[in-house]
file start_36.tsv (TSV, N, CA and C atoms)
chain	number	residue	atom	x	y	z
A	1	TYR	N	0.84	-1.17	0.00
A	1	TYR	CA	0.00	0.00	0.00
A	1	TYR	C	0.89	1.23	0.00
A	2	ILE	N	0.58	2.15	-0.89
A	2	ILE	CA	1.34	3.41	-0.96
A	2	ILE	C	0.40	4.53	-0.53
A	3	ALA	N	0.78	5.20	0.53
A	3	ALA	CA	-0.04	6.29	1.05
A	3	ALA	C	-0.15	7.40	0.02
A	4	GLY	N	-1.08	8.28	0.24
A	4	GLY	CA	-1.35	9.36	-0.71
A	4	GLY	C	-0.12	10.13	-1.13
A	5	GLN	N	0.05	10.21	-2.44
A	5	GLN	CA	1.14	10.98	-3.02
A	5	GLN	C	0.59	12.33	-3.46
A	6	VAL	N	1.28	13.38	-3.06
A	6	VAL	CA	0.87	14.74	-3.41
A	6	VAL	C	2.03	15.43	-4.13
A	7	ALA	N	1.83	16.67	-4.51
A	7	ALA	CA	2.81	17.41	-5.31
A	7	ALA	C	3.88	18.08	-4.46
A	8	PHE	N	4.55	17.30	-3.62
A	8	PHE	CA	5.68	17.81	-2.85
A	8	PHE	C	6.97	17.45	-3.56
A	9	ASP	N	7.94	18.36	-3.51
A	9	ASP	CA	9.27	18.02	-4.01
A	9	ASP	C	10.06	17.37	-2.88
A	10	SER	N	11.32	17.07	-3.12
A	10	SER	CA	12.13	16.35	-2.12
A	10	SER	C	12.36	17.15	-0.84
A	11	ALA	N	12.15	18.47	-0.91
A	11	ALA	CA	12.31	19.31	0.28
A	11	ALA	C	10.99	19.56	0.99
A	12	GLY	N	9.89	19.00	0.47
A	12	GLY	CA	8.59	19.16	1.10
A	12	GLY	C	7.83	20.39	0.65
A	13	ALA	N	8.33	21.07	-0.39
A	13	ALA	CA	7.63	22.25	-0.92
A	13	ALA	C	6.62	21.80	-1.98
A	14	VAL	N	5.52	22.53	-2.06
A	14	VAL	CA	4.50	22.23	-3.07
A	14	VAL	C	5.02	22.64	-4.44
A	15	VAL	N	4.91	21.72	-5.39
A	15	VAL	CA	5.27	22.00	-6.78
A	15	VAL	C	4.00	22.42	-7.52
A	16	GLY	N	4.07	23.49	-8.28
A	16	GLY	CA	2.96	23.88	-9.14
A	16	GLY	C	1.74	24.41	-8.43
A	17	ALA	N	1.91	25.21	-7.41
A	17	ALA	CA	0.75	25.78	-6.72
A	17	ALA	C	-0.15	26.47	-7.75
A	18	GLY	N	-1.42	26.08	-7.78
A	18	GLY	CA	-2.36	26.65	-8.73
A	18	GLY	C	-2.31	26.08	-10.13
A	19	ASN	N	-1.38	25.15	-10.38
A	19	ASN	CA	-1.20	24.57	-11.72
A	19	ASN	C	-1.45	23.07	-11.64
A	20	PHE	N	-2.65	22.65	-12.03
A	20	PHE	CA	-3.00	21.24	-11.89
A	20	PHE	C	-2.06	20.33	-12.67
A	21	GLN	N	-1.74	20.67	-13.91
A	21	GLN	CA	-0.89	19.80	-14.73
A	21	GLN	C	0.48	19.61	-14.08
A	22	ALA	N	1.07	20.67	-13.58
A	22	ALA	CA	2.37	20.57	-12.90
A	22	ALA	C	2.25	19.68	-11.67
A	23	GLN	N	1.17	19.83	-10.93
A	23	GLN	CA	0.98	18.99	-9.75
A	23	GLN	C	0.78	17.53	-10.14
A	24	ALA	N	0.01	17.28	-11.19
A	24	ALA	CA	-0.21	15.90	-11.62
A	24	ALA	C	1.12	15.25	-12.00
A	25	GLU	N	1.95	15.96	-12.72
A	25	GLU	CA	3.27	15.41	-13.10
A	25	GLU	C	4.09	15.08	-11.86
A	26	GLN	N	4.06	15.95	-10.86
A	26	GLN	CA	4.83	15.71	-9.63
A	26	GLN	C	4.26	14.54	-8.86
A	27	VAL	N	2.94	14.44	-8.79
A	27	VAL	CA	2.31	13.33	-8.08
A	27	VAL	C	2.72	12.00	-8.71
A	28	PHE	N	2.66	11.91	-10.04
A	28	PHE	CA	3.03	10.65	-10.70
A	28	PHE	C	4.53	10.38	-10.59
A	29	ALA	N	5.35	11.42	-10.59
A	29	ALA	CA	6.79	11.23	-10.36
A	29	ALA	C	7.03	10.70	-8.94
A	30	ASN	N	6.30	11.24	-7.97
A	30	ASN	CA	6.44	10.76	-6.60
A	30	ASN	C	5.94	9.32	-6.47
A	31	LEU	N	4.85	9.02	-7.15
A	31	LEU	CA	4.33	7.65	-7.12
A	31	LEU	C	5.35	6.69	-7.74
A	32	ARG	N	5.98	7.11	-8.83
A	32	ARG	CA	7.02	6.27	-9.45
A	32	ARG	C	8.16	6.00	-8.46
A	33	ARG	N	8.60	7.04	-7.73
A	33	ARG	CA	9.67	6.85	-6.75
A	33	ARG	C	9.26	5.86	-5.66
A	34	ALA	N	8.03	5.98	-5.20
A	34	ALA	CA	7.53	5.06	-4.17
A	34	ALA	C	7.51	3.64	-4.71
A	35	LEU	N	7.08	3.46	-5.95
A	35	LEU	CA	7.05	2.12	-6.56
A	35	LEU	C	8.46	1.54	-6.69
A	36	VAL	N	9.37	2.34	-7.20
A	36	VAL	CA	10.76	1.87	-7.37
A	36	VAL	C	11.36	1.48	-6.03
A	37	SER	N	10.97	2.17	-4.96
A	37	SER	CA	11.54	1.87	-3.64
A	37	SER	C	11.19	0.47	-3.15
A	38	VAL	N	10.13	-0.13	-3.73
A	38	VAL	CA	9.76	-1.50	-3.36
A	38	VAL	C	9.91	-2.44	-4.56
A	39	ASP	N	10.78	-2.04	-5.50
A	39	ASP	CA	11.07	-2.83	-6.69
A	39	ASP	C	9.81	-3.14	-7.51
A	40	ALA	N	8.98	-2.11	-7.67
A	40	ALA	CA	7.73	-2.25	-8.44
A	40	ALA	C	7.70	-1.18	-9.51
A	41	SER	N	6.69	-1.29	-10.37
A	41	SER	CA	6.47	-0.28	-11.41
A	41	SER	C	4.97	-0.04	-11.54
A	42	PHE	N	4.60	0.84	-12.44
A	42	PHE	CA	3.18	1.14	-12.62
A	42	PHE	C	2.39	-0.10	-13.03
A	43	LYS	N	3.03	-1.06	-13.68
A	43	LYS	CA	2.30	-2.28	-14.08
A	43	LYS	C	1.90	-3.13	-12.88
A	44	ASP	N	2.51	-2.90	-11.73
A	44	ASP	CA	2.19	-3.64	-10.52
A	44	ASP	C	1.06	-3.02	-9.71
A	45	VAL	N	0.61	-1.84	-10.10
A	45	VAL	CA	-0.47	-1.16	-9.39
A	45	VAL	C	-1.80	-1.80	-9.79
A	46	VAL	N	-2.56	-2.24	-8.79
A	46	VAL	CA	-3.85	-2.89	-9.07
A	46	VAL	C	-5.04	-2.01	-8.71
A	47	LYS	N	-4.81	-0.97	-7.89
A	47	LYS	CA	-5.92	-0.10	-7.46
A	47	LYS	C	-5.36	1.25	-7.06
A	48	THR	N	-6.03	2.30	-7.49
A	48	THR	CA	-5.68	3.63	-7.02
A	48	THR	C	-6.94	4.31	-6.50
A	49	THR	N	-6.72	5.23	-5.60
A	49	THR	CA	-7.77	6.12	-5.15
A	49	THR	C	-7.25	7.52	-5.41
A	50	THR	N	-8.03	8.28	-6.15
A	50	THR	CA	-7.61	9.62	-6.55
A	50	THR	C	-8.54	10.65	-5.93
A	51	PHE	N	-7.95	11.59	-5.23
A	51	PHE	CA	-8.68	12.69	-4.61
A	51	PHE	C	-8.38	13.95	-5.42
A	52	ILE	N	-9.43	14.64	-5.86
A	52	ILE	CA	-9.25	15.81	-6.70
A	52	ILE	C	-10.14	16.94	-6.18
A	53	THR	N	-9.59	18.15	-6.15
A	53	THR	CA	-10.34	19.26	-5.55
A	53	THR	C	-11.24	19.98	-6.53
A	54	ASP	N	-11.09	19.73	-7.83
A	54	ASP	CA	-11.95	20.40	-8.82
A	54	ASP	C	-12.12	19.49	-10.03
A	55	LEU	N	-13.34	19.08	-10.28
A	55	LEU	CA	-13.61	18.15	-11.38
A	55	LEU	C	-13.30	18.74	-12.76
A	56	LYS	N	-13.14	20.04	-12.87
A	56	LYS	CA	-12.77	20.62	-14.17
A	56	LYS	C	-11.38	20.13	-14.60
A	57	ASN	N	-10.59	19.64	-13.64
A	57	ASN	CA	-9.24	19.13	-13.95
A	57	ASN	C	-9.23	17.66	-14.36
A	58	LEU	N	-10.39	17.05	-14.43
A	58	LEU	CA	-10.47	15.63	-14.77
A	58	LEU	C	-9.85	15.30	-16.14
A	59	PRO	N	-10.08	16.08	-17.20
A	59	PRO	CA	-9.42	15.76	-18.48
A	59	PRO	C	-7.89	15.77	-18.38
A	60	ALA	N	-7.33	16.72	-17.66
A	60	ALA	CA	-5.87	16.77	-17.49
A	60	ALA	C	-5.38	15.57	-16.68
A	61	LEU	N	-6.15	15.18	-15.68
A	61	LEU	CA	-5.78	14.01	-14.89
A	61	LEU	C	-5.78	12.76	-15.77
A	62	ARG	N	-6.82	12.59	-16.56
A	62	ARG	CA	-6.91	11.41	-17.44
A	62	ARG	C	-5.76	11.38	-18.44
A	63	GLU	N	-5.43	12.53	-19.01
A	63	GLU	CA	-4.33	12.59	-19.98
A	63	GLU	C	-3.02	12.20	-19.31
A	64	THR	N	-2.77	12.70	-18.14
A	64	THR	CA	-1.53	12.37	-17.42
A	64	THR	C	-1.51	10.90	-17.04
A	65	ARG	N	-2.60	10.42	-16.51
A	65	ARG	CA	-2.70	9.02	-16.06
A	65	ARG	C	-2.43	8.05	-17.20
A	66	THR	N	-2.92	8.36	-18.41
A	66	THR	CA	-2.72	7.43	-19.53
A	66	THR	C	-1.26	7.33	-19.95
A	67	ARG	N	-0.46	8.30	-19.60
A	67	ARG	CA	0.98	8.20	-19.91
A	67	ARG	C	1.73	7.30	-18.94
A	68	TYR	N	1.13	6.97	-17.81
A	68	TYR	CA	1.80	6.15	-16.81
A	68	TYR	C	1.25	4.73	-16.70
A	69	PHE	N	-0.04	4.57	-16.94
A	69	PHE	CA	-0.65	3.25	-16.81
A	69	PHE	C	-0.98	2.68	-18.18
A	70	ASP	N	-0.88	1.37	-18.32
A	70	ASP	CA	-1.22	0.66	-19.54
A	70	ASP	C	-2.71	0.83	-19.81
A	71	ALA	N	-3.06	1.46	-20.92
A	71	ALA	CA	-4.46	1.74	-21.25
A	71	ALA	C	-5.27	0.47	-21.45
A	72	THR	N	-4.62	-0.63	-21.82
A	72	THR	CA	-5.36	-1.88	-22.03
A	72	THR	C	-5.61	-2.63	-20.73
A	73	HIS	N	-4.81	-2.35	-19.70
A	73	HIS	CA	-4.98	-3.00	-18.39
A	73	HIS	C	-4.75	-1.99	-17.26
A	74	PRO	N	-5.56	-0.94	-17.20
A	74	PRO	CA	-5.34	0.04	-16.13
A	74	PRO	C	-5.78	-0.52	-14.78
A	75	PRO	N	-5.24	0.02	-13.70
A	75	PRO	CA	-5.70	-0.43	-12.39
A	75	PRO	C	-7.12	0.07	-12.13
A	76	ALA	N	-7.80	-0.61	-11.24
A	76	ALA	CA	-9.09	-0.09	-10.77
A	76	ALA	C	-8.84	1.26	-10.12
A	77	ASN	N	-9.80	2.14	-10.20
A	77	ASN	CA	-9.61	3.47	-9.63
A	77	ASN	C	-10.92	3.99	-9.06
A	78	SER	N	-10.81	4.61	-7.90
A	78	SER	CA	-11.93	5.36	-7.34
A	78	SER	C	-11.54	6.83	-7.38
A	79	LEU	N	-12.41	7.66	-7.93
A	79	LEU	CA	-12.18	9.10	-7.99
A	79	LEU	C	-13.09	9.76	-6.96
A	80	ILE	N	-12.48	10.52	-6.07
A	80	ILE	CA	-13.24	11.15	-5.00
A	80	ILE	C	-13.02	12.66	-5.02
A	81	PRO	N	-14.06	13.42	-5.37
A	81	PRO	CA	-13.93	14.88	-5.28
A	81	PRO	C	-13.93	15.30	-3.81
A	82	VAL	N	-13.04	16.21	-3.48
A	82	VAL	CA	-12.94	16.71	-2.10
A	82	VAL	C	-12.89	18.23	-2.12
A	83	VAL	N	-13.25	18.83	-1.02
A	83	VAL	CA	-13.22	20.29	-0.92
A	83	VAL	C	-11.78	20.77	-0.81
A	84	THR	N	-10.99	20.07	-0.01
A	84	THR	CA	-9.60	20.45	0.17
A	84	THR	C	-8.80	19.22	0.57
A	85	LEU	N	-7.48	19.33	0.41
A	85	LEU	CA	-6.58	18.26	0.86
A	85	LEU	C	-5.83	18.75	2.09
A	86	ALA	N	-4.78	18.07	2.49
A	86	ALA	CA	-4.07	18.40	3.73
A	86	ALA	C	-3.56	19.84	3.75
A	87	ARG	N	-3.20	20.35	2.58
A	87	ARG	CA	-2.82	21.76	2.46
A	87	ARG	C	-3.67	22.38	1.37
A	88	PRO	N	-4.14	23.59	1.56
A	88	PRO	CA	-5.07	24.18	0.60
A	88	PRO	C	-4.51	24.38	-0.80
A	89	ASP	N	-3.19	24.42	-0.97
A	89	ASP	CA	-2.61	24.61	-2.30
A	89	ASP	C	-2.42	23.30	-3.06
A	90	LEU	N	-2.74	22.17	-2.43
A	90	LEU	CA	-2.69	20.88	-3.12
A	90	LEU	C	-3.99	20.64	-3.87
A	91	LEU	N	-3.89	20.17	-5.11
A	91	LEU	CA	-5.05	19.98	-5.97
A	91	LEU	C	-5.37	18.52	-6.24
A	92	LEU	N	-4.45	17.62	-5.88
A	92	LEU	CA	-4.57	16.22	-6.26
A	92	LEU	C	-3.79	15.35	-5.28
A	93	GLU	N	-4.34	14.17	-4.99
A	93	GLU	CA	-3.64	13.18	-4.18
A	93	GLU	C	-4.01	11.80	-4.71
A	94	ILE	N	-3.02	10.92	-4.81
A	94	ILE	CA	-3.27	9.56	-5.28
A	94	ILE	C	-2.63	8.57	-4.32
A	95	GLU	N	-3.42	7.56	-3.92
A	95	GLU	CA	-2.88	6.45	-3.14
A	95	GLU	C	-3.01	5.20	-4.00
A	96	ALA	N	-2.17	4.21	-3.74
A	96	ALA	CA	-2.14	3.03	-4.61
A	96	ALA	C	-2.00	1.75	-3.81
A	97	VAL	N	-2.54	0.69	-4.39
A	97	VAL	CA	-2.36	-0.67	-3.89
A	97	VAL	C	-1.54	-1.39	-4.96
A	98	VAL	N	-0.48	-2.04	-4.52
A	98	VAL	CA	0.45	-2.69	-5.42
A	98	VAL	C	0.48	-4.19	-5.13
A	99	ASP	N	0.46	-4.98	-6.19
A	99	ASP	CA	0.59	-6.44	-6.07
A	99	ASP	C	1.98	-6.82	-6.52
A	100	LEU	N	2.84	-7.12	-5.55
A	100	LEU	CA	4.24	-7.47	-5.86
A	100	LEU	C	4.40	-8.88	-6.37
A	101	SER	N	3.34	-9.67	-6.38
A	101	SER	CA	3.46	-11.06	-6.87
A	101	SER	C	3.22	-11.15	-8.38
A	102	GLN	N	2.75	-10.09	-9.01
A	102	GLN	CA	2.49	-10.12	-10.45
A	102	GLN	C	3.79	-10.29	-11.23
A	103	GLY	N	3.79	-11.25	-12.11
A	103	GLY	CA	4.93	-11.42	-13.00
A	103	GLY	C	6.23	-11.75	-12.31
A	104	ARG	N	6.18	-12.25	-11.12
A	104	ARG	CA	7.41	-12.58	-10.39
A	104	ARG	C	7.50	-14.06	-10.19
call {"tool": "encode", "arguments": {"input": "start_36.tsv", "output": "structure tokens"}}
result
Amino acid sequence: YIAGQVAFDSAGAVVGAGNFQAQAEQVFANLRRALVSVDASFKDVVKTTTFITDLKNLPALRETRTRYFDATHPPANSLIPVVTLARPDLLLEIEAVVDLSQGR
């Protein structure tokens, strides 16, 4: 299980305040780092939960997501609109469930 990934850089600063696309890129980069830390990749993700503060950003989220997950076998996903996240300048958070037994 990978806890919610948000648009923080390595120093804990928010990347792309007010810019959903920049935050989405950072979130997926952070998710990639978390996966690599357990010798996994995006193909090992079986479920994600995505929290988004504004549904108008859904097309940008989908576009970004398709660059990371296999479109023919994407993980299950729950999308949850929220009023705010842990910090008001965060626009997106993704948590993931990973199956490390796949293909091993």
call {"tool": "closest_residue", "arguments": {"input": "start_36.tsv", "among": "A:Ala3, A:Val82, A:Val97, A:Ala17", "to": "A:Val46", "atoms": "all atoms listed in the file"}}
result
A:Val97
call {"tool": "closest_residue", "arguments": {"input": "start_36.tsv", "among": "A:Pro81, A:Gly12, A:Gly4, A:Pro88", "to": "A:Leu55", "atoms": "all atoms listed in the file"}}
result
A:Pro81
call {"tool": "residues_around", "arguments": {"input": "start_36.tsv", "residues": "A:Asp89", "least_positions_apart": "5", "cutoff": "9 Å", "atoms": "only C-alpha atoms", "output": "PyMOL selection string"}}
result
chain A and resi 14+16-18+84
call {"tool": "closest_residue", "arguments": {"input": "start_36.tsv", "among": "A:Lys47, A:Ile94, A:Arg62, A:Ile80", "to": "A:Val27", "atoms": "only C-alpha atoms"}}
result
A:Ile94
call {"tool": "select_by_dssp", "arguments": {"input": "start_36.tsv", "residues": "chain A", "states": "helix (DSSP H, G or I)", "output": "JSON list (two decimals) with N, CA and C atoms, keeping the file's coordinate frame"}}
result
[["chain", "number", "residue", "atom", "x", "y", "z"],
["A", 20, "PHE", "N", -2.65, 22.65, -12.03],
["A", 20, "PHE", "CA", -3.00, 21.24, -11.89],
["A", 20, "PHE", "C", -2.06, 20.33, -12.67],
["A", 21, "GLN", "N", -1.74, 20.67, -13.91],
["A", 21, "GLN", "CA", -0.89, 19.80, -14.73],
["A", 21, "GLN", "C", 0.48, 19.61, -14.08],
["A", 22, "ALA", "N", 1.07, 20.67, -13.58],
["A", 22, "ALA", "CA", 2.37, 20.57, -12.90],
["A", 22, "ALA", "C", 2.25, 19.68, -11.67],
["A", 23, "GLN", "N", 1.17, 19.83, -10.93],
["A", 23, "GLN", "CA", 0.98, 18.99, -9.75],
["A", 23, "GLN", "C", 0.78, 17.53, -10.14],
["A", 24, "ALA", "N", 0.01, 17.28, -11.19],
["A", 24, "ALA", "CA", -0.21, 15.90, -11.62],
["A", 24, "ALA", "C", 1.12, 15.25, -12.00],
["A", 25, "GLU", "N", 1.95, 15.96, -12.72],
["A", 25, "GLU", "CA", 3.27, 15.41, -13.10],
["A", 25, "GLU", "C", 4.09, 15.08, -11.86],
["A", 26, "GLN", "N", 4.06, 15.95, -10.86],
["A", 26, "GLN", "CA", 4.83, 15.71, -9.63],
["A", 26, "GLN", "C", 4.26, 14.54, -8.86],
["A", 27, "VAL", "N", 2.94, 14.44, -8.79],
["A", 27, "VAL", "CA", 2.31, 13.33, -8.08],
["A", 27, "VAL", "C", 2.72, 12.00, -8.71],
["A", 28, "PHE", "N", 2.66, 11.91, -10.04],
["A", 28, "PHE", "CA", 3.03, 10.65, -10.70],
["A", 28, "PHE", "C", 4.53, 10.38, -10.59],
["A", 29, "ALA", "N", 5.35, 11.42, -10.59],
["A", 29, "ALA", "CA", 6.79, 11.23, -10.36],
["A", 29, "ALA", "C", 7.03, 10.70, -8.94],
["A", 30, "ASN", "N", 6.30, 11.24, -7.97],
["A", 30, "ASN", "CA", 6.44, 10.76, -6.60],
["A", 30, "ASN", "C", 5.94, 9.32, -6.47],
["A", 31, "LEU", "N", 4.85, 9.02, -7.15],
["A", 31, "LEU", "CA", 4.33, 7.65, -7.12],
["A", 31, "LEU", "C", 5.35, 6.69, -7.74],
["A", 32, "ARG", "N", 5.98, 7.11, -8.83],
["A", 32, "ARG", "CA", 7.02, 6.27, -9.45],
["A", 32, "ARG", "C", 8.16, 6.00, -8.46],
["A", 33, "ARG", "N", 8.60, 7.04, -7.73],
["A", 33, "ARG", "CA", 9.67, 6.85, -6.75],
["A", 33, "ARG", "C", 9.26, 5.86, -5.66],
["A", 34, "ALA", "N", 8.03, 5.98, -5.20],
["A", 34, "ALA", "CA", 7.53, 5.06, -4.17],
["A", 34, "ALA", "C", 7.51, 3.64, -4.71],
["A", 35, "LEU", "N", 7.08, 3.46, -5.95],
["A", 35, "LEU", "CA", 7.05, 2.12, -6.56],
["A", 35, "LEU", "C", 8.46, 1.54, -6.69],
["A", 36, "VAL", "N", 9.37, 2.34, -7.20],
["A", 36, "VAL", "CA", 10.76, 1.87, -7.37],
["A", 36, "VAL", "C", 11.36, 1.48, -6.03],
["A", 37, "SER", "N", 10.97, 2.17, -4.96],
["A", 37, "SER", "CA", 11.54, 1.87, -3.64],
["A", 37, "SER", "C", 11.19, 0.47, -3.15],
["A", 42, "PHE", "N", 4.60, 0.84, -12.44],
["A", 42, "PHE", "CA", 3.18, 1.14, -12.62],
["A", 42, "PHE", "C", 2.39, -0.10, -13.03],
["A", 43, "LYS", "N", 3.03, -1.06, -13.68],
["A", 43, "LYS", "CA", 2.30, -2.28, -14.08],
["A", 43, "LYS", "C", 1.90, -3.13, -12.88],
["A", 44, "ASP", "N", 2.51, -2.90, -11.73],
["A", 44, "ASP", "CA", 2.19, -3.64, -10.52],
["A", 44, "ASP", "C", 1.06, -3.02, -9.71],
["A", 55, "LEU", "N", -13.34, 19.08, -10.28],
["A", 55, "LEU", "CA", -13.61, 18.15, -11.38],
["A", 55, "LEU", "C", -13.30, 18.74, -12.76],
["A", 56, "LYS", "N", -13.14, 20.04, -12.87],
["A", 56, "LYS", "CA", -12.77, 20.62, -14.17],
["A", 56, "LYS", "C", -11.38, 20.13, -14.60],
["A", 57, "ASN", "N", -10.59, 19.64, -13.64],
["A", 57, "ASN", "CA", -9.24, 19.13, -13.95],
["A", 57, "ASN", "C", -9.23, 17.66, -14.36],
["A", 58, "LEU", "N", -10.39, 17.05, -14.43],
["A", 58, "LEU", "CA", -10.47, 15.63, -14.77],
["A", 58, "LEU", "C", -9.85, 15.30, -16.14],
["A", 59, "PRO", "N", -10.08, 16.08, -17.20],
["A", 59, "PRO", "CA", -9.42, 15.76, -18.48],
["A", 59, "PRO", "C", -7.89, 15.77, -18.38],
["A", 60, "ALA", "N", -7.33, 16.72, -17.66],
["A", 60, "ALA", "CA", -5.87, 16.77, -17.49],
["A", 60, "ALA", "C", -5.38, 15.57, -16.68],
["A", 61, "LEU", "N", -6.15, 15.18, -15.68],
["A", 61, "LEU", "CA", -5.78, 14.01, -14.89],
["A", 61, "LEU", "C", -5.78, 12.76, -15.77],
["A", 62, "ARG", "N", -6.82, 12.59, -16.56],
["A", 62, "ARG", "CA", -6.91, 11.41, -17.44],
["A", 62, "ARG", "C", -5.76, 11.38, -18.44],
["A", 63, "GLU", "N", -5.43, 12.53, -19.01],
["A", 63, "GLU", "CA", -4.33, 12.59, -19.98],
["A", 63, "GLU", "C", -3.02, 12.20, -19.31],
["A", 64, "THR", "N", -2.77, 12.70, -18.14],
["A", 64, "THR", "CA", -1.53, 12.37, -17.42],
["A", 64, "THR", "C", -1.51, 10.90, -17.04],
["A", 65, "ARG", "N", -2.60, 10.42, -16.51],
["A", 65, "ARG", "CA", -2.70, 9.02, -16.06],
["A", 65, "ARG", "C", -2.43, 8.05, -17.20],
["A", 66, "THR", "N", -2.92, 8.36, -18.41],
["A", 66, "THR", "CA", -2.72, 7.43, -19.53],
["A", 66, "THR", "C", -1.26, 7.33, -19.95],
["A", 67, "ARG", "N", -0.46, 8.30, -19.60],
["A", 67, "ARG", "CA", 0.98, 8.20, -19.91],
["A", 67, "ARG", "C", 1.73, 7.30, -18.94],
["A", 68, "TYR", "N", 1.13, 6.97, -17.81],
["A", 68, "TYR", "CA", 1.80, 6.15, -16.81],
["A", 68, "TYR", "C", 1.25, 4.73, -16.70]]
call {"tool": "atom_distance", "arguments": {"input": "start_36.tsv", "atom1": "atom CA of A:Leu91", "atom2": "atom CA of A:Asn57"}}
result
9.1 Å
call {"tool": "atom_distance", "arguments": {"input": "start_36.tsv", "atom1": "atom N of A:Arg67", "atom2": "atom C of A:Ile52"}}
result
18.7 Å
call {"tool": "atom_distance", "arguments": {"input": "start_36.tsv", "atom1": "atom N of A:Ser10", "atom2": "atom N of A:Ala71"}}
result
27.7 Å
call {"tool": "closest_residue", "arguments": {"input": "start_36.tsv", "among": "A:Ala40, A:Leu79, A:Ala7, A:Val98", "to": "A:Phe28", "atoms": "only C-alpha atoms"}}
result
A:Ala7
call {"tool": "residues_around", "arguments": {"input": "start_36.tsv", "residues": "A:Val6", "least_positions_apart": "4", "cutoff": "8 Å", "atoms": "only C-alpha atoms", "output": "ChimeraX atom specification"}}
result
/A:23,26-27,30,90,92-94
call {"tool": "select_by_dssp", "arguments": {"input": "start_36.tsv", "residues": "chain A", "states": "strand (DSSP E or B)", "output": "JSON list (two decimals) with N, CA and C atoms, keeping the file's coordinate frame"}}
result
[["chain", "number", "residue", "atom", "x", "y", "z"],
["A", 2, "ILE", "N", 0.58, 2.15, -0.89],
["A", 2, "ILE", "CA", 1.34, 3.41, -0.96],
["A", 2, "ILE", "C", 0.40, 4.53, -0.53],
["A", 3, "ALA", "N", 0.78, 5.20, 0.53],
["A", 3, "ALA", "CA", -0.04, 6.29, 1.05],
["A", 3, "ALA", "C", -0.15, 7.40, 0.02],
["A", 4, "GLY", "N", -1.08, 8.28, 0.24],
["A", 4, "GLY", "CA", -1.35, 9.36, -0.71],
["A", 4, "GLY", "C", -0.12, 10.13, -1.13],
["A", 5, "GLN", "N", 0.05, 10.21, -2.44],
["A", 5, "GLN", "CA", 1.14, 10.98, -3.02],
["A", 5, "GLN", "C", 0.59, 12.33, -3.46],
["A", 8, "PHE", "N", 4.55, 17.30, -3.62],
["A", 8, "PHE", "CA", 5.68, 17.81, -2.85],
["A", 8, "PHE", "C", 6.97, 17.45, -3.56],
["A", 14, "VAL", "N", 5.52, 22.53, -2.06],
["A", 14, "VAL", "CA", 4.50, 22.23, -3.07],
["A", 14, "VAL", "C", 5.02, 22.64, -4.44],
["A", 45, "VAL", "N", 0.61, -1.84, -10.10],
["A", 45, "VAL", "CA", -0.47, -1.16, -9.39],
["A", 45, "VAL", "C", -1.80, -1.80, -9.79],
["A", 46, "VAL", "N", -2.56, -2.24, -8.79],
["A", 46, "VAL", "CA", -3.85, -2.89, -9.07],
["A", 46, "VAL", "C", -5.04, -2.01, -8.71],
["A", 47, "LYS", "N", -4.81, -0.97, -7.89],
["A", 47, "LYS", "CA", -5.92, -0.10, -7.46],
["A", 47, "LYS", "C", -5.36, 1.25, -7.06],
["A", 48, "THR", "N", -6.03, 2.30, -7.49],
["A", 48, "THR", "CA", -5.68, 3.63, -7.02],
["A", 48, "THR", "C", -6.94, 4.31, -6.50],
["A", 49, "THR", "N", -6.72, 5.23, -5.60],
["A", 49, "THR", "CA", -7.77, 6.12, -5.15],
["A", 49, "THR", "C", -7.25, 7.52, -5.41],
["A", 50, "THR", "N", -8.03, 8.28, -6.15],
["A", 50, "THR", "CA", -7.61, 9.62, -6.55],
["A", 50, "THR", "C", -8.54, 10.65, -5.93],
["A", 51, "PHE", "N", -7.95, 11.59, -5.23],
["A", 51, "PHE", "CA", -8.68, 12.69, -4.61],
["A", 51, "PHE", "C", -8.38, 13.95, -5.42],
["A", 52, "ILE", "N", -9.43, 14.64, -5.86],
["A", 52, "ILE", "CA", -9.25, 15.81, -6.70],
["A", 52, "ILE", "C", -10.14, 16.94, -6.18],
["A", 76, "ALA", "N", -7.80, -0.61, -11.24],
["A", 76, "ALA", "CA", -9.09, -0.09, -10.77],
["A", 76, "ALA", "C", -8.84, 1.26, -10.12],
["A", 77, "ASN", "N", -9.80, 2.14, -10.20],
["A", 77, "ASN", "CA", -9.61, 3.47, -9.63],
["A", 77, "ASN", "C", -10.92, 3.99, -9.06],
["A", 78, "SER", "N", -10.81, 4.61, -7.90],
["A", 78, "SER", "CA", -11.93, 5.36, -7.34],
["A", 78, "SER", "C", -11.54, 6.83, -7.38],
["A", 79, "LEU", "N", -12.41, 7.66, -7.93],
["A", 79, "LEU", "CA", -12.18, 9.10, -7.99],
["A", 79, "LEU", "C", -13.09, 9.76, -6.96],
["A", 80, "ILE", "N", -12.48, 10.52, -6.07],
["A", 80, "ILE", "CA", -13.24, 11.15, -5.00],
["A", 80, "ILE", "C", -13.02, 12.66, -5.02],
["A", 81, "PRO", "N", -14.06, 13.42, -5.37],
["A", 81, "PRO", "CA", -13.93, 14.88, -5.28],
["A", 81, "PRO", "C", -13.93, 15.30, -3.81],
["A", 92, "LEU", "N", -4.45, 17.62, -5.88],
["A", 92, "LEU", "CA", -4.57, 16.22, -6.26],
["A", 92, "LEU", "C", -3.79, 15.35, -5.28],
["A", 93, "GLU", "N", -4.34, 14.17, -4.99],
["A", 93, "GLU", "CA", -3.64, 13.18, -4.18],
["A", 93, "GLU", "C", -4.01, 11.80, -4.71],
["A", 94, "ILE", "N", -3.02, 10.92, -4.81],
["A", 94, "ILE", "CA", -3.27, 9.56, -5.28],
["A", 94, "ILE", "C", -2.63, 8.57, -4.32],
["A", 95, "GLU", "N", -3.42, 7.56, -3.92],
["A", 95, "GLU", "CA", -2.88, 6.45, -3.14],
["A", 95, "GLU", "C", -3.01, 5.20, -4.00],
["A", 96, "ALA", "N", -2.17, 4.21, -3.74],
["A", 96, "ALA", "CA", -2.14, 3.03, -4.61],
["A", 96, "ALA", "C", -2.00, 1.75, -3.81],
["A", 97, "VAL", "N", -2.54, 0.69, -4.39],
["A", 97, "VAL", "CA", -2.36, -0.67, -3.89],
["A", 97, "VAL", "C", -1.54, -1.39, -4.96],
["A", 98, "VAL", "N", -0.48, -2.04, -4.52],
["A", 98, "VAL", "CA", 0.45, -2.69, -5.42],
["A", 98, "VAL", "C", 0.48, -4.19, -5.13]]
